[in-house]
Every structure is written in C-alpha cells, then in structure tokens.
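Inspection log for the structure reproduced underneath, given as structure tokens.
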Amino acid sequence: MKVPPDGNNIQITRMLSTAASVFKQTADSWATIQQVTGLPEALYGVGKTLPILTEFLKSLEPSLKINEEEKEAKEKKIAAAVQFAKLSEQQAQYFDAILDAITAESQIPKAKRYRIAAVKRGGEPVEAILKEMLQQAIDLATTLSADEKLKSSLQAAFDEVAELKPSLEEDDGAPVAINNWGDGVQLYHAGEGHQNHCTGGSQYNGNGYTFHAASPPKG
C-alpha cells in the first residue's frame, strides 16, 4: 500500500476505508470468542481490543480532513495514517488465522492449535501484536490530534493488554521413550524420564534412574 502521489484524496480515502472495513470484519469474527472455553487469557483480550482499533481506523480519514496545515506536515501525517492502515490489514490476516485455528473441529487441544498457528505466522503471541498496534495507534492519534476520548480508550486498552499473562509459555510436554529389548512384560509409566525394559522380570522406574530385578531362573 503506497501513498498516492500528490496526496490524491480519493485514493487515500479508499485505502483508509478498505483497511477499516477489513479490520472490522476481523473484529466482528472475534466478537463471540468469550463463548469459547479453554483458551489462554490473552485470546479473550483480542476480542475486547479489536473493536477499539477498528474505531480508531475509522477515525483516520476524518482526522486528516480537519487538519489545516502546511503541505509537508500534512503529507507526513497522511503517510503515517496509510502505513498504520497497511499494518492493520496485515495483522487482520494474523488474527483471522489464529481464530480459524482455535475454532476448527479438531482433537488437538485449542491452546496447542493456537501455538501452532502463531508459530506459522512468525511466532508472535497475540498480546505482543496487540501491544504493537495499540502503541502505534496511540502515537498516531497524538500526531493527528485525535479525539481525546478515543486516545484515552486506546491507552486504557494498551494498559489492559500489558497486564495479560503470556499466552505462549514454554511447552514442557516432552515425549517419553519406551523401549523393550528383551522378553517379558513391558510396563509403561506416565511420569518423567524414559522407561527401558532390557530383560525379563520386574522393573522399577523412578525420576532419573532405572532399577532392574532379574527373573528367577527357569526350571
């Protein structure tokens, strides 16, 4: 999305309007996220925050119209607004992908599906994306002398997102290897460590060591 030459107002208006429309569709899709259970806290924050960003996107074009100033200063503001609109469309794709992943019919836990989708989109958690967008929106709102109530809403949303717990914590669910190199019964345990059954007989498995007891000799 490039800034139209000579500040073509029609093209600028179309760009900003398109970005606002695209982002609104994403925000509307997330409106029912509160009904989905078993998700990291930050994902519920997405549904709450996207409408505020949508409102800000809708305010960009009117904000540019009311600014009466030198051409160079106004062009810088237009460029900043168009750049934010471009970012919004890109991040709408990210949020769409996350929502598709966590609402799809699957046996995989929703939190794990979210992790997989986030990794595919660059590995950034939703709260980091929200903070980035909100901070840029706050900066742009200040530059454009936007409505004070809207700026306050953006700041309040940023503060809430900043308090969210990390949604992509370390995955400590490492696989357990089970090997059987001899005859006899193989026992499985669901705790930590690997269970190796090398000969017949009883096996006692603990965290960090394995103890083998030989079978009685066969008659």
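Ordered as shown in the structure tokens, chains take letters A, B, and onward, while each chain numbers its residues from 1 and ligands are numbered from 1 in the order shown.
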> Which residues, written as an MDAnalysis selection string, have at least one atom at most 12 Å from A:Asp139, with only C-alpha atoms counted and residues fewer than 4 positions away on the same chain left out?
Replying inline: chainID A and resid 56 77 80:81 84 132:135 143:146 151 154:155 158
>> So that I can see what lies close to stretch 26-43 of chain A, please list as a PyMOL selection string the residues with an atom at most 6 Å from it, counting only C-alpha atoms and leaving out residues fewer than 4 positions away in the same chain.
In response: chain A and resi 47+50-51+111+127+164+167
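The closest residue to A:Ala92, picked from A:Gln25, A:Ser17, A:Thr49, A:Ser106 and counting only C-alpha atoms, is A:Gln25.
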> Which residue, A:Leu130, A:Leu150, A:Ile78, A:Ala104, has the smallest gap to A:Ser59 when you use only C-alpha atoms?
Replying inline: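 Closest candidate: A:Leu150.
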> Quick one: residues within 8 Å of A:Ile102, only C-alpha atoms counted, chain neighbours fewer than 3 positions away excluded, as a ChimeraX atom specification?
Replying inline: /A:98-99,110-111,113-114
> Tell me, which residues of stretch 25-174 of chain A carry DSSP alpha helix (DSSP H), written as a PyMOL selection string?
Replying inline: chain A and resi 25-29+41-65+71-103+110-120+126-143+148-162
>> Using only C-alpha atoms for the distances, tell me which of A:Pro109, A:Gly123, A:Lys24, A:Lys48 is nearest to A:Ala156.
In response: A:Lys48
>> Could you check the closest approach to A:Ala118 for each of A:Met15, A:Val82, A:Val161, A:Leu168 and tell me which residue wins, using only C-alpha atoms?
In response: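 Between A:Met15, A:Val82, A:Val161, A:Leu168, the residue approaching A:Ala118 most closely is A:Leu168.
Considering only C-alpha atoms, the residue among A:Lys112, A:Arg121, A:Lys165, A:Lys71 positioned nearest to A:Phe95 is A:Arg121.
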